[in-house]
Amino acid sequence: MRLSAEIISQSEQRTNPLGEREILIRGLSIPSIEHLAVTRDLFDAIDLTDNLITKITNFPKLNRLSSLSFAGNVVDSVDGMNLKKNVPNLKNLNLVGNKIQGLHVISSIGGGCPNLETLALVGNPVTKRQHYRLYTINKIPSLKVLDFMKIKDAERAKAQRLAMSSAGAALEGDVQVEAREAAATTNANKSDVKTFTPGEGQSAKESFVVNFTKEQKIEIKNMIANANSPAEIERIEQCVKRGEFPSVAS
């Protein structure tokens with residue numbers, strides 16, 4: 001099931017036990033993140049537990065968002081650049097029971113989440129890697145709690161010593177190799193499935209940039225700003241993705 005604007009608008013909203021304003025989008029077999037702009041940055045927390053999401057990416061600008069849960073998905077990669085740009089205040093990230101294997105994903109999380117305080121990776125293959133905990137503590141210096149265990153000063157010191165040692169240098173080299181191999185695999189997969197449709201971009205954003213004049217872009221932005229419902233926003237986005245200028249809803 002795709003994460004549509006309608007599903008988001010119908011999802012449960014609550015004040016959670018931590019006092020955060022939260023939206024629950026759980027157990028819907030959602031394969032990817034999309035249309036979260038319709039939340040209008042009204043939430044501190046988004047719970048996407050028990051879906052089928054493989055990659056954490058495609059977040060719109062959500063300055064208020066500080067907590068994310070992807071527990072029980074199949075996440076194996078994280079777009080750190082997307083998180084750093086669009087979710088700059090993320091403090092809590094729950095990735096329990098996913099498919100993360102490489103330490104390069106830890107590095108990506110560290111680069112993309114400079115304010116992260118709590119991270120949970122229990123149940124991911126990466127937690128069985130040698131030096132996993134020390135590597136993570138060093139790569140994400142803002143962390144206070146890792147896998148539900150408070151990080152102690154002695155651990156931080158040990159993590160720094162590892163990073164400065166020859167063993168740490170060798171480990172970092174292996175991680176960089178992992179990152180390059182993962183990037184090559186991703187690019188190869190994109191090449192295998194990519195097809196060309198005249199007038200249609202890979203995404204609404206790409207199509208918006210490529211297929212419309214300056215005046216049309218202004219009109220489209222105004223349509224979205226004045227939309228009366230999430231469904232209307234989704235209709236506009238789908239038209240843009242196809243390279244079609246959206247008609248004015250009657």
# chains A, B, ... in the order shown; residues from 1 in each chain; ligands from 1
$ select_by_dssp --residues "segment 50-175 of chain A" --states "strand (DSSP E or B)" --output "short mmCIF file (atom, residue, chain, number, x, y, z; two decimals) with C-alpha atoms, in the first residue's frame"
data_model
loop_
_atom_site.label_atom_id
_atom_site.label_comp_id
_atom_site.auth_asym_id
_atom_site.auth_seq_id
_atom_site.Cartn_x
_atom_site.Cartn_y
_atom_site.Cartn_z
CA LYS A 55 15.26 3.14 2.73
CA ILE A 56 14.96 6.21 4.94
CA SER A 67 11.38 11.55 16.80
CA LEU A 68 11.05 8.81 14.17
CA SER A 69 10.21 5.14 14.57
CA SER A 77 19.96 2.10 4.08
CA VAL A 78 19.66 5.68 5.29
CA ASN A 92 15.34 10.05 18.55
CA LEU A 93 15.54 7.29 15.94
CA ASN A 94 14.13 3.80 16.47
CA THR A 118 18.81 8.24 21.17
CA LEU A 119 19.36 5.45 18.62
CA ALA A 120 18.02 1.89 18.76
CA VAL A 145 21.59 6.37 24.65
CA LEU A 146 22.40 3.52 22.25
CA MET A 149 21.73 1.65 27.27
CA LYS A 150 23.13 4.96 28.45
#
$ residues_around --residues "segment 80-82 of chain A" --least-positions-apart "6" --cutoff "7 Å" --atoms "only C-alpha atoms" --output "list in words"
Thr57, Asn58, Phe59, Ser108, Ile109, Gly111 and Gly112 of chain A
$ residues_around --residues "segment 175-178 of chain A" --least-positions-apart "6" --cutoff "7 Å" --atoms "only C-alpha atoms" --output "mmCIF file with N, CA and C atoms, in the first residue's frame"
data_model
loop_
_atom_site.group_PDB
_atom_site.id
_atom_site.type_symbol
_atom_site.label_atom_id
_atom_site.label_comp_id
_atom_site.auth_asym_id
_atom_site.auth_seq_id
_atom_site.Cartn_x
_atom_site.Cartn_y
_atom_site.Cartn_z
ATOM 1 N N GLY A 102 25.626 -2.937 7.220
ATOM 2 C CA GLY A 102 26.934 -2.293 7.110
ATOM 3 C C GLY A 102 27.145 -1.148 8.075
ATOM 4 N N LEU A 103 28.374 -1.017 8.550
ATOM 5 C CA LEU A 103 28.717 0.114 9.414
ATOM 6 C C LEU A 103 28.677 1.435 8.648
ATOM 7 N N HIS A 104 28.719 1.378 7.312
ATOM 8 C CA HIS A 104 28.617 2.613 6.539
ATOM 9 C C HIS A 104 27.260 3.284 6.731
#
$ residues_around --residues "segment 122-139 of chain A" --least-positions-apart "6" --cutoff "12 Å" --atoms "only C-alpha atoms" --output "PDB file with C-alpha atoms, in the first residue's frame"
ATOM      1  CA  ALA A  71      10.808  -0.447  14.086  1.00  0.00           C
ATOM      2  CA  GLY A  72       9.805  -3.665  12.348  1.00  0.00           C
ATOM      3  CA  ASN A  73      10.439  -2.522   8.780  1.00  0.00           C
ATOM      4  CA  VAL A  74      13.076  -3.810   6.339  1.00  0.00           C
ATOM      5  CA  VAL A  75      15.302  -0.735   6.314  1.00  0.00           C
ATOM      6  CA  ASP A  76      18.789  -1.411   4.991  1.00  0.00           C
ATOM      7  CA  SER A  77      19.961   2.097   4.082  1.00  0.00           C
ATOM      8  CA  LEU A  93      15.544   7.294  15.939  1.00  0.00           C
ATOM      9  CA  ASN A  94      14.125   3.799  16.475  1.00  0.00           C
ATOM     10  CA  LEU A  95      15.335   1.214  13.943  1.00  0.00           C
ATOM     11  CA  VAL A  96      14.747  -1.933  15.999  1.00  0.00           C
ATOM     12  CA  GLY A  97      14.280  -5.108  13.964  1.00  0.00           C
ATOM     13  CA  ASN A  98      15.402  -3.960  10.531  1.00  0.00           C
ATOM     14  CA  LYS A  99      17.973  -5.173   7.952  1.00  0.00           C
ATOM     15  CA  ILE A 100      20.891  -2.805   8.419  1.00  0.00           C
ATOM     16  CA  GLN A 101      24.131  -4.734   7.882  1.00  0.00           C
ATOM     17  CA  GLY A 102      26.934  -2.293   7.110  1.00  0.00           C
ATOM     18  CA  LEU A 103      28.717   0.114   9.414  1.00  0.00           C
ATOM     19  CA  HIS A 104      28.617   2.613   6.539  1.00  0.00           C
ATOM     20  CA  VAL A 105      24.926   3.083   7.364  1.00  0.00           C
ATOM     21  CA  ILE A 106      25.957   4.101  10.885  1.00  0.00           C
ATOM     22  CA  SER A 107      28.312   6.632   9.332  1.00  0.00           C
ATOM     23  CA  SER A 108      25.467   7.958   7.183  1.00  0.00           C
ATOM     24  CA  ILE A 109      23.222   8.342  10.230  1.00  0.00           C
ATOM     25  CA  GLY A 110      25.996  10.198  12.047  1.00  0.00           C
ATOM     26  CA  GLY A 111      26.562  12.566   9.149  1.00  0.00           C
ATOM     27  CA  GLY A 112      22.853  13.220   8.704  1.00  0.00           C
ATOM     28  CA  CYS A 113      21.748  13.553  12.326  1.00  0.00           C
ATOM     29  CA  PRO A 114      24.082  15.925  14.189  1.00  0.00           C
ATOM     30  CA  LEU A 116      20.701  12.654  17.543  1.00  0.00           C
ATOM     31  CA  VAL A 145      21.589   6.374  24.649  1.00  0.00           C
ATOM     32  CA  LEU A 146      22.405   3.520  22.253  1.00  0.00           C
ATOM     33  CA  ASP A 147      20.245   0.393  22.132  1.00  0.00           C
ATOM     34  CA  PHE A 148      18.440   1.406  25.335  1.00  0.00           C
ATOM     35  CA  MET A 149      21.730   1.651  27.266  1.00  0.00           C
ATOM     36  CA  LYS A 150      23.134   4.960  28.454  1.00  0.00           C
ATOM     37  CA  ILE A 151      26.556   5.753  27.019  1.00  0.00           C
ATOM     38  CA  LYS A 152      29.168   6.124  29.745  1.00  0.00           C
ATOM     39  CA  ASP A 153      32.175   8.409  29.690  1.00  0.00           C
ATOM     40  CA  ALA A 154      34.459   5.377  29.817  1.00  0.00           C
ATOM     41  CA  GLU A 155      32.850   4.074  26.615  1.00  0.00           C
ATOM     42  CA  ARG A 156      33.369   7.413  24.864  1.00  0.00           C
ATOM     43  CA  ALA A 157      37.025   7.395  25.818  1.00  0.00           C
ATOM     44  CA  LYS A 158      37.416   3.818  24.610  1.00  0.00           C
ATOM     45  CA  ALA A 159      35.653   4.661  21.328  1.00  0.00           C
ATOM     46  CA  GLN A 160      38.058   7.567  20.757  1.00  0.00           C
ATOM     47  CA  ARG A 161      41.069   5.379  21.439  1.00  0.00           C
ATOM     48  CA  LEU A 162      39.802   2.815  18.937  1.00  0.00           C
ATOM     49  CA  ALA A 163      39.253   5.483  16.284  1.00  0.00           C
ATOM     50  CA  MET A 164      42.831   6.768  16.692  1.00  0.00           C
ATOM     51  CA  ALA A 167      42.708  -1.075  14.181  1.00  0.00           C
ATOM     52  CA  GLY A 168      40.350   1.880  13.979  1.00  0.00           C
ATOM     53  CA  ALA A 169      41.992   3.116  10.788  1.00  0.00           C
ATOM     54  CA  ALA A 170      41.655  -0.330   9.226  1.00  0.00           C
ATOM     55  CA  LEU A 171      38.019  -0.490  10.289  1.00  0.00           C
ATOM     56  CA  GLU A 172      37.313   2.915   8.745  1.00  0.00           C
ATOM     57  CA  ASP A 174      36.635  -1.291   5.443  1.00  0.00           C
ATOM     58  CA  VAL A 175      33.618   0.943   6.055  1.00  0.00           C
TER      59      VAL A 175
END
$ atom_distance --atom1 "atom CA of Glu219 of chain A" --atom2 "atom CA of Gln238 of chain A"
15.5 Å
$ select_by_dssp --residues "segment 74-232 of chain A" --states "alpha helix (DSSP H)" --output "compact mmCIF listing (two decimals) with N, CA, C and O atoms, in the first residue's frame"
# COMPACT_ATOMS: atom_id res chain seq x y z
N GLY A 80 21.49 10.01 4.66
CA GLY A 80 21.88 11.00 5.64
C GLY A 80 21.76 12.42 5.14
O GLY A 80 21.39 13.33 5.89
N MET A 81 22.04 12.65 3.86
CA MET A 81 21.95 14.00 3.31
C MET A 81 20.52 14.51 3.35
O MET A 81 20.28 15.69 3.65
N ASN A 82 19.56 13.65 3.06
CA ASN A 82 18.16 14.05 3.10
C ASN A 82 17.74 14.41 4.53
O ASN A 82 17.06 15.42 4.75
N LEU A 83 18.17 13.60 5.50
CA LEU A 83 17.81 13.89 6.88
C LEU A 83 18.46 15.18 7.37
O LEU A 83 17.81 15.99 8.05
N LYS A 84 19.71 15.38 7.04
CA LYS A 84 20.40 16.59 7.50
C LYS A 84 19.76 17.85 6.94
O LYS A 84 19.61 18.86 7.65
N LYS A 85 19.33 17.79 5.70
CA LYS A 85 18.73 18.95 5.05
C LYS A 85 17.31 19.20 5.52
O LYS A 85 16.91 20.35 5.77
N ASN A 86 16.52 18.14 5.66
CA ASN A 86 15.09 18.32 5.86
C ASN A 86 14.55 17.94 7.23
O ASN A 86 13.42 18.31 7.57
N LEU A 103 28.37 -1.02 8.55
CA LEU A 103 28.72 0.11 9.41
C LEU A 103 28.68 1.44 8.65
O LEU A 103 28.59 2.51 9.25
N HIS A 104 28.72 1.38 7.31
CA HIS A 104 28.62 2.61 6.54
C HIS A 104 27.26 3.28 6.73
O HIS A 104 27.15 4.50 6.59
N VAL A 105 26.24 2.49 7.08
CA VAL A 105 24.93 3.08 7.36
C VAL A 105 24.98 3.87 8.67
O VAL A 105 24.38 4.94 8.80
N ILE A 106 25.74 3.36 9.64
CA ILE A 106 25.96 4.10 10.88
C ILE A 106 26.62 5.44 10.59
O ILE A 106 26.24 6.49 11.12
N SER A 107 27.61 5.41 9.72
CA SER A 107 28.31 6.63 9.33
C SER A 107 27.35 7.62 8.67
O SER A 107 27.42 8.84 8.91
N SER A 108 26.46 7.11 7.85
CA SER A 108 25.47 7.96 7.18
C SER A 108 24.52 8.59 8.19
O SER A 108 24.18 9.77 8.09
N ILE A 109 24.09 7.81 9.18
CA ILE A 109 23.22 8.34 10.23
C ILE A 109 23.96 9.45 11.00
O ILE A 109 23.40 10.52 11.27
N GLY A 110 25.22 9.20 11.32
CA GLY A 110 26.00 10.20 12.05
C GLY A 110 26.15 11.49 11.27
O GLY A 110 26.03 12.59 11.83
N GLY A 111 26.41 11.37 9.98
CA GLY A 111 26.56 12.57 9.15
C GLY A 111 25.26 13.32 8.96
O GLY A 111 25.27 14.55 8.80
N GLY A 112 24.15 12.60 8.99
CA GLY A 112 22.85 13.22 8.70
C GLY A 112 22.09 13.68 9.92
O GLY A 112 21.11 14.42 9.79
N TYR A 132 31.03 -2.69 16.83
CA TYR A 132 29.80 -1.95 16.47
C TYR A 132 29.49 -0.81 17.44
O TYR A 132 29.30 0.34 17.04
N ARG A 133 29.43 -1.14 18.73
CA ARG A 133 29.01 -0.12 19.70
C ARG A 133 30.03 1.03 19.79
O ARG A 133 29.64 2.20 19.77
N LEU A 134 31.29 0.70 19.84
CA LEU A 134 32.31 1.75 19.93
C LEU A 134 32.34 2.59 18.67
O LEU A 134 32.50 3.82 18.72
N TYR A 135 32.20 1.95 17.52
CA TYR A 135 32.20 2.69 16.25
C TYR A 135 31.03 3.66 16.21
O TYR A 135 31.18 4.83 15.81
N THR A 136 29.86 3.20 16.64
CA THR A 136 28.66 4.04 16.61
C THR A 136 28.79 5.22 17.56
O THR A 136 28.44 6.36 17.21
N ILE A 137 29.32 4.96 18.75
CA ILE A 137 29.50 6.04 19.73
C ILE A 137 30.44 7.11 19.19
O ILE A 137 30.21 8.32 19.34
N ASN A 138 31.49 6.69 18.51
CA ASN A 138 32.45 7.65 17.96
C ASN A 138 31.87 8.41 16.77
O ASN A 138 32.11 9.62 16.61
N LYS A 139 31.10 7.73 15.93
CA LYS A 139 30.57 8.36 14.72
C LYS A 139 29.41 9.31 15.02
O LYS A 139 29.13 10.21 14.23
N ASP A 153 30.96 7.68 30.07
CA ASP A 153 32.18 8.41 29.69
C ASP A 153 33.32 7.45 29.35
O ASP A 153 34.11 7.73 28.44
N ALA A 154 33.40 6.35 30.08
CA ALA A 154 34.46 5.38 29.82
C ALA A 154 34.32 4.79 28.41
O ALA A 154 35.33 4.54 27.73
N GLU A 155 33.06 4.58 27.97
CA GLU A 155 32.85 4.07 26.61
C GLU A 155 33.27 5.10 25.57
O GLU A 155 33.85 4.75 24.53
N ARG A 156 32.97 6.36 25.81
CA ARG A 156 33.37 7.41 24.86
C ARG A 156 34.89 7.47 24.73
O ARG A 156 35.42 7.59 23.61
N ALA A 157 35.56 7.37 25.85
CA ALA A 157 37.03 7.39 25.82
C ALA A 157 37.58 6.19 25.06
O ALA A 157 38.51 6.31 24.25
N LYS A 158 36.98 5.04 25.29
CA LYS A 158 37.42 3.82 24.61
C LYS A 158 37.14 3.91 23.11
O LYS A 158 37.96 3.47 22.29
N ALA A 159 36.01 4.49 22.74
CA ALA A 159 35.65 4.66 21.33
C ALA A 159 36.64 5.59 20.64
O ALA A 159 37.04 5.35 19.48
N GLN A 160 37.08 6.65 21.33
CA GLN A 160 38.06 7.57 20.76
C GLN A 160 39.41 6.89 20.58
O GLN A 160 40.09 7.10 19.57
N ARG A 161 39.78 6.09 21.55
CA ARG A 161 41.07 5.38 21.44
C ARG A 161 41.05 4.42 20.26
O ARG A 161 42.05 4.30 19.52
N LEU A 162 39.92 3.72 20.07
CA LEU A 162 39.80 2.82 18.94
C LEU A 162 39.93 3.58 17.62
O LEU A 162 40.65 3.15 16.71
N ALA A 163 39.24 4.70 17.53
CA ALA A 163 39.25 5.48 16.28
C ALA A 163 40.65 5.96 15.92
O ALA A 163 41.00 6.06 14.74
N MET A 164 41.47 6.25 16.94
CA MET A 164 42.83 6.77 16.69
C MET A 164 43.87 5.66 16.52
O MET A 164 45.02 5.94 16.20
N SER A 166 45.49 1.92 14.98
CA SER A 166 45.64 1.29 13.67
C SER A 166 44.44 0.40 13.36
O SER A 166 43.99 0.31 12.20
N ALA A 167 43.90 -0.24 14.38
CA ALA A 167 42.71 -1.07 14.18
C ALA A 167 41.53 -0.21 13.76
O ALA A 167 40.74 -0.60 12.89
N GLY A 168 41.42 0.97 14.35
CA GLY A 168 40.35 1.88 13.98
C GLY A 168 40.50 2.39 12.56
O GLY A 168 39.52 2.52 11.82
N ALA A 169 41.74 2.66 12.16
CA ALA A 169 41.99 3.12 10.79
C ALA A 169 41.64 2.03 9.78
O ALA A 169 41.06 2.29 8.72
N ALA A 170 41.99 0.79 10.11
CA ALA A 170 41.65 -0.33 9.23
C ALA A 170 40.15 -0.51 9.13
O ALA A 170 39.60 -0.77 8.05
N LEU A 171 39.47 -0.36 10.27
CA LEU A 171 38.02 -0.49 10.29
C LEU A 171 37.38 0.59 9.42
O LEU A 171 36.46 0.32 8.64
N GLU A 172 37.87 1.81 9.55
CA GLU A 172 37.31 2.91 8.75
C GLU A 172 37.53 2.66 7.26
O GLU A 172 36.66 2.96 6.42
N GLY A 173 38.67 2.09 6.92
CA GLY A 173 38.92 1.74 5.53
C GLY A 173 37.92 0.72 5.01
O GLY A 173 37.40 0.84 3.89
N ASP A 174 37.63 -0.28 5.83
CA ASP A 174 36.64 -1.29 5.44
C ASP A 174 35.26 -0.66 5.26
O ASP A 174 34.51 -1.03 4.34
N VAL A 175 34.92 0.28 6.14
CA VAL A 175 33.62 0.94 6.06
C VAL A 175 33.50 1.75 4.76
O VAL A 175 32.45 1.74 4.10
N GLN A 176 34.57 2.41 4.38
CA GLN A 176 34.54 3.18 3.13
C GLN A 176 34.38 2.27 1.92
O GLN A 176 33.69 2.63 0.95
N VAL A 177 35.00 1.11 1.97
CA VAL A 177 34.82 0.13 0.89
C VAL A 177 33.36 -0.32 0.84
O VAL A 177 32.76 -0.41 -0.24
N GLU A 178 32.79 -0.60 2.00
CA GLU A 178 31.37 -0.98 2.07
C GLU A 178 30.49 0.09 1.44
O GLU A 178 29.54 -0.21 0.70
N ALA A 179 30.77 1.35 1.75
CA ALA A 179 29.96 2.45 1.25
C ALA A 179 30.04 2.53 -0.27
O ALA A 179 29.01 2.73 -0.94
N ARG A 180 31.23 2.37 -0.82
CA ARG A 180 31.39 2.41 -2.28
C ARG A 180 30.67 1.25 -2.95
O ARG A 180 30.01 1.42 -3.99
N GLU A 181 30.78 0.07 -2.35
CA GLU A 181 30.11 -1.10 -2.92
C GLU A 181 28.59 -0.95 -2.87
O GLU A 181 27.89 -1.31 -3.82
N ALA A 182 28.09 -0.40 -1.77
CA ALA A 182 26.64 -0.20 -1.64
C ALA A 182 26.15 0.82 -2.68
O ALA A 182 25.09 0.64 -3.29
N ALA A 183 26.93 1.89 -2.88
CA ALA A 183 26.56 2.91 -3.86
C ALA A 183 26.56 2.33 -5.27
O ALA A 183 25.67 2.61 -6.08
N ALA A 184 27.56 1.48 -5.57
CA ALA A 184 27.63 0.87 -6.90
C ALA A 184 26.45 -0.06 -7.13
O ALA A 184 25.87 -0.09 -8.23
N THR A 185 26.06 -0.81 -6.11
CA THR A 185 24.92 -1.71 -6.23
C THR A 185 23.63 -0.93 -6.46
O THR A 185 22.80 -1.29 -7.31
N THR A 186 23.47 0.16 -5.73
CA THR A 186 22.28 1.00 -5.89
C THR A 186 22.20 1.58 -7.28
O THR A 186 21.14 1.56 -7.93
N ASN A 187 23.32 2.08 -7.79
CA ASN A 187 23.34 2.66 -9.14
C ASN A 187 23.06 1.60 -10.20
O ASN A 187 22.38 1.87 -11.19
N ALA A 188 23.59 0.40 -9.99
CA ALA A 188 23.34 -0.68 -10.95
C ALA A 188 21.87 -1.06 -10.97
O ALA A 188 21.28 -1.28 -12.04
N ASN A 189 21.26 -1.10 -9.80
CA ASN A 189 19.83 -1.43 -9.73
C ASN A 189 18.98 -0.37 -10.42
O ASN A 189 18.00 -0.68 -11.09
N LYS A 190 19.36 0.89 -10.26
CA LYS A 190 18.62 1.97 -10.92
C LYS A 190 18.72 1.84 -12.43
O LYS A 190 17.76 2.05 -13.16
N SER A 191 19.92 1.48 -12.91
CA SER A 191 20.12 1.34 -14.36
C SER A 191 19.29 0.20 -14.92
O SER A 191 18.76 0.27 -16.03
N ASP A 192 19.13 -0.87 -14.14
CA ASP A 192 18.38 -2.03 -14.61
C ASP A 192 16.89 -1.73 -14.77
O ASP A 192 16.25 -2.26 -15.67
N VAL A 193 16.35 -0.89 -13.91
CA VAL A 193 14.90 -0.68 -13.93
C VAL A 193 14.49 0.62 -14.58
O VAL A 193 13.31 0.88 -14.80
N ALA A 204 8.16 13.74 -8.66
CA ALA A 204 7.43 15.00 -8.86
C ALA A 204 8.40 16.17 -8.81
O ALA A 204 8.28 17.12 -9.58
N LYS A 205 9.38 16.10 -7.91
CA LYS A 205 10.34 17.19 -7.77
C LYS A 205 11.16 17.37 -9.04
O LYS A 205 11.35 18.48 -9.54
N GLU A 206 11.66 16.25 -9.59
CA GLU A 206 12.46 16.31 -10.80
C GLU A 206 11.64 16.83 -11.96
O GLU A 206 12.08 17.69 -12.73
N SER A 207 10.42 16.32 -12.10
CA SER A 207 9.55 16.75 -13.18
C SER A 207 9.21 18.23 -13.05
O SER A 207 9.13 18.95 -14.04
N PHE A 208 9.00 18.69 -11.82
CA PHE A 208 8.69 20.10 -11.57
C PHE A 208 9.81 20.99 -12.08
O PHE A 208 9.59 22.02 -12.72
N VAL A 209 11.06 20.59 -11.82
CA VAL A 209 12.21 21.38 -12.23
C VAL A 209 12.37 21.40 -13.75
O VAL A 209 12.68 22.43 -14.35
N VAL A 210 12.13 20.26 -14.38
CA VAL A 210 12.47 20.09 -15.79
C VAL A 210 11.36 20.53 -16.74
O VAL A 210 11.63 21.13 -17.80
N ASN A 211 10.10 20.28 -16.39
CA ASN A 211 9.03 20.35 -17.38
C ASN A 211 8.16 21.61 -17.37
O ASN A 211 7.28 21.74 -18.22
N LYS A 214 8.79 29.11 -15.48
CA LYS A 214 8.82 29.84 -14.21
C LYS A 214 7.42 30.23 -13.77
O LYS A 214 7.05 30.10 -12.59
N GLU A 215 6.62 30.69 -14.72
CA GLU A 215 5.25 31.11 -14.39
C GLU A 215 4.39 29.92 -13.96
O GLU A 215 3.60 30.02 -13.01
N GLN A 216 4.56 28.79 -14.65
CA GLN A 216 3.80 27.59 -14.28
C GLN A 216 4.18 27.09 -12.89
O GLN A 216 3.33 26.64 -12.13
N LYS A 217 5.48 27.17 -12.57
CA LYS A 217 5.93 26.73 -11.25
C LYS A 217 5.28 27.55 -10.16
O LYS A 217 4.87 27.02 -9.11
N ILE A 218 5.17 28.86 -10.38
CA ILE A 218 4.53 29.73 -9.39
C ILE A 218 3.06 29.35 -9.23
O ILE A 218 2.54 29.25 -8.11
N GLU A 219 2.38 29.07 -10.35
CA GLU A 219 0.97 28.67 -10.29
C GLU A 219 0.80 27.35 -9.54
O GLU A 219 -0.14 27.19 -8.74
N ILE A 220 1.69 26.40 -9.80
CA ILE A 220 1.59 25.09 -9.14
C ILE A 220 1.79 25.24 -7.63
O ILE A 220 1.06 24.65 -6.83
N LYS A 221 2.77 26.04 -7.24
CA LYS A 221 3.00 26.28 -5.81
C LYS A 221 1.77 26.90 -5.15
O LYS A 221 1.40 26.54 -4.02
N ASN A 222 1.13 27.82 -5.86
CA ASN A 222 -0.08 28.46 -5.32
C ASN A 222 -1.22 27.45 -5.20
O ASN A 222 -2.00 27.48 -4.24
N MET A 223 -1.33 26.54 -6.18
CA MET A 223 -2.36 25.50 -6.13
C MET A 223 -2.19 24.64 -4.87
O MET A 223 -3.17 24.33 -4.18
N ILE A 224 -0.95 24.24 -4.61
CA ILE A 224 -0.68 23.40 -3.44
C ILE A 224 -0.97 24.15 -2.16
O ILE A 224 -1.59 23.64 -1.23
N ALA A 225 -0.54 25.42 -2.11
CA ALA A 225 -0.76 26.22 -0.91
C ALA A 225 -2.24 26.44 -0.62
O ALA A 225 -2.66 26.52 0.55
N PRO A 230 -5.84 16.98 1.56
CA PRO A 230 -4.65 16.19 1.19
C PRO A 230 -4.82 15.48 -0.16
O PRO A 230 -3.87 15.35 -0.91
N ALA A 231 -6.04 15.05 -0.45
CA ALA A 231 -6.30 14.37 -1.72
C ALA A 231 -6.05 15.30 -2.90
O ALA A 231 -5.54 14.89 -3.94
N GLU A 232 -6.39 16.58 -2.73
CA GLU A 232 -6.16 17.55 -3.79
C GLU A 232 -4.67 17.79 -3.99
O GLU A 232 -4.19 17.90 -5.13
$ atom_distance --atom1 "atom CA of Ile46 of chain A" --atom2 "atom CA of Val240 of chain A"
26.4 Å
$ closest_residue --among "A:Phe70, A:Val87, A:Glu237, A:Ser229" --to "Ile25 of chain A" --atoms "only C-alpha atoms"
A:Phe70
$ residues_around --residues "segment 1-10 of chain A" --least-positions-apart "4" --cutoff "7 Å" --atoms "only C-alpha atoms" --output "PyMOL selection string"
chain A and resi 28-31+33-35+38+230-231+234
$ write_last_selection --atoms "N, CA, C and O atoms" --output "mmCIF file, in the first residue's frame"
data_model
loop_
_atom_site.group_PDB
_atom_site.id
_atom_site.type_symbol
_atom_site.label_atom_id
_atom_site.label_comp_id
_atom_site.auth_asym_id
_atom_site.auth_seq_id
_atom_site.Cartn_x
_atom_site.Cartn_y
_atom_site.Cartn_z
ATOM 1 N N LEU A 28 0.841 -0.921 7.742
ATOM 2 C CA LEU A 28 0.092 -0.766 6.493
ATOM 3 C C LEU A 28 0.854 -1.301 5.279
ATOM 4 O O LEU A 28 0.444 -1.080 4.147
ATOM 5 N N SER A 29 1.965 -1.985 5.509
ATOM 6 C CA SER A 29 2.801 -2.537 4.421
ATOM 7 C C SER A 29 3.275 -1.460 3.458
ATOM 8 O O SER A 29 3.426 -1.703 2.258
ATOM 9 N N ILE A 30 3.515 -0.276 3.960
ATOM 10 C CA ILE A 30 3.994 0.838 3.140
ATOM 11 C C ILE A 30 5.435 0.567 2.712
ATOM 12 O O ILE A 30 6.293 0.298 3.560
ATOM 13 N N PRO A 31 5.752 0.655 1.401
ATOM 14 C CA PRO A 31 7.099 0.313 0.942
ATOM 15 C C PRO A 31 8.081 1.483 0.918
ATOM 16 O O PRO A 31 9.288 1.257 0.875
ATOM 17 N N ILE A 33 8.660 6.108 1.627
ATOM 18 C CA ILE A 33 8.215 7.359 2.231
ATOM 19 C C ILE A 33 7.837 8.346 1.140
ATOM 20 O O ILE A 33 8.624 8.617 0.230
ATOM 21 N N GLU A 34 6.627 8.884 1.235
ATOM 22 C CA GLU A 34 6.175 9.904 0.294
ATOM 23 C C GLU A 34 5.013 10.690 0.894
ATOM 24 O O GLU A 34 4.378 10.265 1.850
ATOM 25 N N HIS A 35 4.771 11.865 0.340
ATOM 26 C CA HIS A 35 3.627 12.716 0.683
ATOM 27 C C HIS A 35 3.605 13.222 2.123
ATOM 28 O O HIS A 35 2.571 13.718 2.586
ATOM 29 N N VAL A 38 2.171 16.737 3.523
ATOM 30 C CA VAL A 38 0.790 17.049 3.908
ATOM 31 C C VAL A 38 0.623 17.110 5.425
ATOM 32 O O VAL A 38 -0.409 17.581 5.915
ATOM 33 N N PRO A 230 -5.836 16.976 1.559
ATOM 34 C CA PRO A 230 -4.655 16.185 1.192
ATOM 35 C C PRO A 230 -4.821 15.481 -0.155
ATOM 36 O O PRO A 230 -3.870 15.350 -0.909
ATOM 37 N N ALA A 231 -6.040 15.050 -0.447
ATOM 38 C CA ALA A 231 -6.297 14.370 -1.718
ATOM 39 C C ALA A 231 -6.045 15.305 -2.897
ATOM 40 O O ALA A 231 -5.535 14.891 -3.943
ATOM 41 N N GLU A 234 -2.328 15.567 -3.424
ATOM 42 C CA GLU A 234 -1.816 14.374 -4.098
ATOM 43 C C GLU A 234 -2.155 14.409 -5.593
ATOM 44 O O GLU A 234 -1.329 14.025 -6.421
#
$ atom_distance --atom1 "atom CA of Asp44 of chain A" --atom2 "atom CA of Leu65 of chain A"
4.4 Å
